[in-house]
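**Q** mmCIF, C-alpha atoms, saved as coords.cif, coming up:
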data_protein
loop_
_atom_site.label_atom_id
_atom_site.label_comp_id
_atom_site.auth_asym_id
_atom_site.auth_seq_id
_atom_site.Cartn_x
_atom_site.Cartn_y
_atom_site.Cartn_z
CA MET T 317 44.70 -23.59 -3.00
CA THR T 318 41.63 -24.57 -1.02
CA ASN T 319 40.79 -27.68 0.96
CA THR T 320 37.94 -29.66 -0.51
CA ARG T 321 36.22 -32.74 0.81
CA SER T 322 34.85 -35.62 -1.20
CA LEU T 323 32.77 -38.62 -0.21
CA ARG T 324 33.76 -42.19 -0.90
CA ILE T 325 31.89 -45.44 -0.27
CA ASN T 326 33.64 -48.76 0.28
CA ARG T 327 31.23 -50.98 -1.65
CA ILE T 328 32.77 -54.18 -0.28
CA THR T 329 32.22 -53.14 3.34
CA CYS T 330 28.77 -51.55 2.86
CA THR T 331 25.79 -53.74 3.76
CA GLY T 332 23.12 -51.32 2.51
CA GLN T 333 21.58 -50.25 5.80
CA GLY T 334 20.82 -46.78 4.38
CA LEU T 335 21.64 -44.66 7.40
CA CYS T 336 23.96 -42.45 5.33
CA ALA T 337 21.13 -41.53 2.94
CA GLU T 338 18.89 -40.64 5.88
CA LEU T 339 21.55 -38.38 7.39
CA LEU T 340 22.81 -36.85 4.13
CA PRO T 341 19.99 -36.96 1.56
CA GLU T 342 21.45 -33.96 -0.25
CA LEU T 343 24.39 -36.06 -1.44
CA ILE T 344 23.34 -39.71 -1.13
CA ASP T 345 20.49 -41.68 -2.71
CA LEU T 346 19.73 -45.37 -2.35
CA ASP T 347 19.54 -47.79 -5.26
CA GLU T 348 16.76 -50.36 -5.64
CA TRP T 349 18.56 -52.75 -3.24
CA GLY T 350 19.13 -50.11 -0.55
CA TYR T 351 22.80 -49.43 -1.29
CA PRO T 352 24.05 -45.84 -1.36
CA VAL T 353 24.66 -43.98 -4.60
CA LEU T 354 26.50 -40.68 -4.45
CA LYS T 355 24.72 -37.80 -6.18
CA ASP T 356 27.92 -35.79 -6.00
CA ARG T 357 31.29 -36.70 -4.51
CA GLY T 358 32.13 -33.11 -3.58
CA VAL T 359 30.98 -31.95 -0.14
CA PRO T 360 29.90 -28.28 -0.09
CA ASP T 361 31.04 -26.24 2.90
CA GLN T 362 27.51 -25.98 4.30
CA LEU T 363 27.21 -29.80 4.42
CA ARG T 364 30.58 -30.65 5.96
CA THR T 365 29.17 -31.12 9.45
CA HIS T 366 26.38 -33.35 8.15
CA ALA T 367 28.87 -35.35 6.09
CA ARG T 368 31.08 -35.91 9.14
CA GLN T 369 28.05 -37.07 11.13
CA ALA T 370 27.03 -39.50 8.38
CA VAL T 371 30.57 -40.90 8.21
CA ALA T 372 30.70 -41.32 11.99
CA ALA T 373 27.26 -43.00 12.08
CA CYS T 374 27.97 -45.61 9.39
CA PRO T 375 27.62 -48.94 11.22
CA ARG T 376 30.04 -50.68 8.82
CA LEU T 377 32.54 -47.79 8.50
CA ALA T 378 31.99 -47.87 4.73
CA LEU T 379 31.52 -44.12 4.22
CA HIS T 380 34.56 -41.88 4.17
CA THR T 381 35.48 -38.29 3.48
CA ASP T 382 38.74 -37.58 1.75
CA ARG T 383 40.54 -34.28 1.91
CA GLY T 384 41.88 -33.02 -1.38
CA ARG T 385 43.56 -29.87 -2.51
CA SER T 386 42.52 -27.89 -5.52
#
Written as structure tokens, that's how I'd like the structure from this file.
**A**
Amino acid sequence: MTNTRSLRINRITCTGQGLCAELLPELIDLDEWGYPVLKDRGVPDQLRTHARQAVAACPRLALHTDRGRS
């Protein structure tokens, strides 16, 4: 079994400031209103540090990483 990480957005908390997409453009796009849309929920190993930084920088604490096992 390996540890995997996945991204999750709390759509109720998010106010569409777009910082997450600036910090993690490989995994997050913005819709026409500026709200994040995940390109892929899975976080590749080479992007884990960037994903943690994007989660920590979210001003509304709406972006999360979940640890799963597969």
**Q** Excluding T:Ser322 and any residue of its chain fewer than 2 positions from it, enumerate the residues within 7 Å of it, using all atoms listed in the file, and give them as a list in words.
**A**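 Here the answer would be Thr320, Arg324, Arg357, Gly358, Val359, Thr381, Asp382 and Arg383 of chain T.
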**Q** I need the residue nearest T:Pro375 from this list: T:Leu346, T:Arg321, T:Arg327, T:Leu335. Use all atoms listed in the file for the distance.
**A**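 Looking only at the distances to T:Pro375, the closest residue turns out to be T:Leu335.
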**Q** Using only C-alpha atoms, which of the listed residues (T:Cys330, T:Trp349, T:Glu338, T:Asn319) sits closest to T:Ala367?
**A**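 Among the listed residues, the smallest separation from T:Ala367 belongs to T:Glu338.
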**Q** On this file, the PyMOL selection byres ((chain T and resi 351) around 9) gives some set of residues; write that set as a list in words.
**A**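 Selected by the PyMOL selection byres ((chain T and resi 351) around 9) here: Arg327, Cys330, Thr331, Gly332, Gln333, Gly334, Asp345, Leu346, Asp347, Glu348, Trp349, Gly350, Pro352 and Val353 of chain T.
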**Q** In Å, how far is it from atom CA of T:Ala378 to atom CA of T:Gln362?
**A**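 If I compute the distance from atom CA of T:Ala378 to atom CA of T:Gln362, I get 22.3 Å.
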